[in-house]
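As structure tokens, the structure follows; a few thoughts come after it.
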Amino acid sequence: MSNNSARFLHGSTMSHVFRMTVTGMLGLTFMFVVDLANLFWVSRLGDEQLVAALGFAWNVQFFTIGVGIGIMIAATALVSKAIGQGKRDQARKFAIGCMILGVGIQLTSAVLIVIFRTKIVEFTGATGQTAILTERFLLISIPTLPLMALGMIGSAILRSEGDAYRAMFITMSAGLVALVADPILIIYLELGLDGAAINTGLSRLVSTFIALYSVIKVHDLLEWPSVSILRRTLIPFILVAVPAILTQLSGPFASFVITRTISEFGDSAVAGLSVVNRLSVVAFGGIFSLSAAIGGIFGQNFGARMFDRVLSTYWNSIIFCILYTMIAWLILAVSTDWIIQTFLLGDIGSDVVRSFNYLAAGGFLFSGMMFVASATFNNMGKPIYSTVITWLRDGVFMLPAVLIGAKMFGATGVIYGNAFAAAIIGLPSLLFAWVFIKNLKSDIT
């Protein structure tokens, strides 16, 4: 059943892709600005050990963000499909059900991480005082994960509705808070690493308030919670969320392996990797946000069975990915020396940043193709396919590539190996998803 009020069923699909991805990029980028601002102001303290501690903590934070993105994907898939089918009441029920389940998952994650933080930090490769600092950062910041879940799911609900700008502002607000509060907490109040952790929670609190206001007051997209709604949402949510979360956890797994491998080359190498991690999510925010941003477009058109528009959305997303990556890569390359000076990196850390900016950043061409393919499968009933292709990259090809790279080129070889793994899986994912969409179309003709 077609629904004429659904925004993505009409107009240029490229326009929808551009608007949703750019606003998603700005929102996601500002969310990660929290981490980049933390890194910048902590680096002002002149201690690479503190920067390294943030790098190790990032791996754990990345895990929780991966879980959050998986939950967002499930919420987007369920809510946008219901809207595309003209079932707004069902969309409201799915929205509140996903929000309750998402908060429950992140609360459980927070409890487990706090309890087992020492073992978790040890697993990342941190040792000595750096490990103690990492644990302290996690102990302060991790308990606010349920707030992060509310903000991220609220953003997903708004994207399913097509309200790109309010969805953007939810995540952007976290970055704006960080830009103001970080120098006050870290430098002026002399809280150092503790100030960075406190600011993480403060940013999440602000974005949660904006998310709930926008979803409830502006769009009336939350039904009053009930046990029956939760029961009806549980199975559809699990069918999408579990493979989506497993898909997203491949990235944190890769990050753990990369950090542990590069930690063999010392705190300077980990500090350089910390900068690379923040640079990649900020510079390539458009690529990281692509899968979630276009999910609503896929979901509405799939729900309305408009498969020509699904295919158009797919190819326009690939075009956007290629153009965006080339521009971001160029900007990083010409900014390399300034970045190294800004973060006060040592020799090894500087080499790690150069290896990424000059060459390895190009791997996002292929990562973007994989993200678009993942969005296709997540929103059209086959999320397990996304799980397979991402774990092929991060669980099969990445590990040997990183280990071989480290043996051949040292710390920089770890960065090259990760990019190589993306190149191996990117093009096959592109073709696989295209054939999948073509088969969907042929099934109804």
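Letters A, B, ... mark the chains of the structure tokens in the order given; residue numbers begin at 1 per chain; ligand numbers begin at 1, in order shown.
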If you run DSSP on the backbone, which residues of segment 126-364 of chain A are alpha helix (DSSP H), as a PyMOL selection string? chain A and resi 128-141+145-161+164-182+193-213+227-262+267-283+285-288+290-303+307-334+336-342+347-358+364
Distance query segment 38-40 of chain A at most 7 Å, only C-alpha atoms, self and fewer than 5 positions along chain excluded, as a ChimeraX atom specification: /A:51,182,196,343
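In terms of minimum interatomic distance to His219 of chain A, A:Gly162 ranks closest within A:Met14, A:Thr134, A:Arg204, A:Gly162, counting only C-alpha atoms.
Excluding Trp391 of chain A itself and any same-chain residue fewer than 3 positions from it, the protein and nucleic acid residues within 9 Å of it, counting only C-alpha atoms, are Leu246, Thr247, Leu249, Ser250, Gly251, Ser386, Thr387, Val388, Asp394, Gly395, Val396 and Phe397 of chain A.
Between atom CA of Thr23 of chain A and atom CA of Met168 of chain A the separation is 5.3 Å.
Using only C-alpha atoms, the protein and nucleic acid residues lying no more than 10 Å from Asn59 of chain A, apart from those fewer than 4 places from it along its own chain, are Leu54, Gly55, Phe63, Thr64, Ile65, Ile120, Val121, Thr124, Gly251, Pro252, Phe253, Ala254, Ser255, Phe256, Val257, Ile258, Thr259, Ser274 and Asn277 of chain A.
If you measure from each of A:Met172, A:Ala244, A:Val60, A:Ile157 to Ile142 of chain A using only C-alpha atoms, the closest one turns out to be A:Val60.
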Within 12 Å of Gly151 of chain A using only C-alpha atoms, minus same-chain residues under 6 positions, as an NGL selection string: :A and (27-28 or 31 or 65 or 68-69 or 71-72 or 99 or 102-103 or 106 or 144-145 or 157-158 or 166-174 or 203-215)
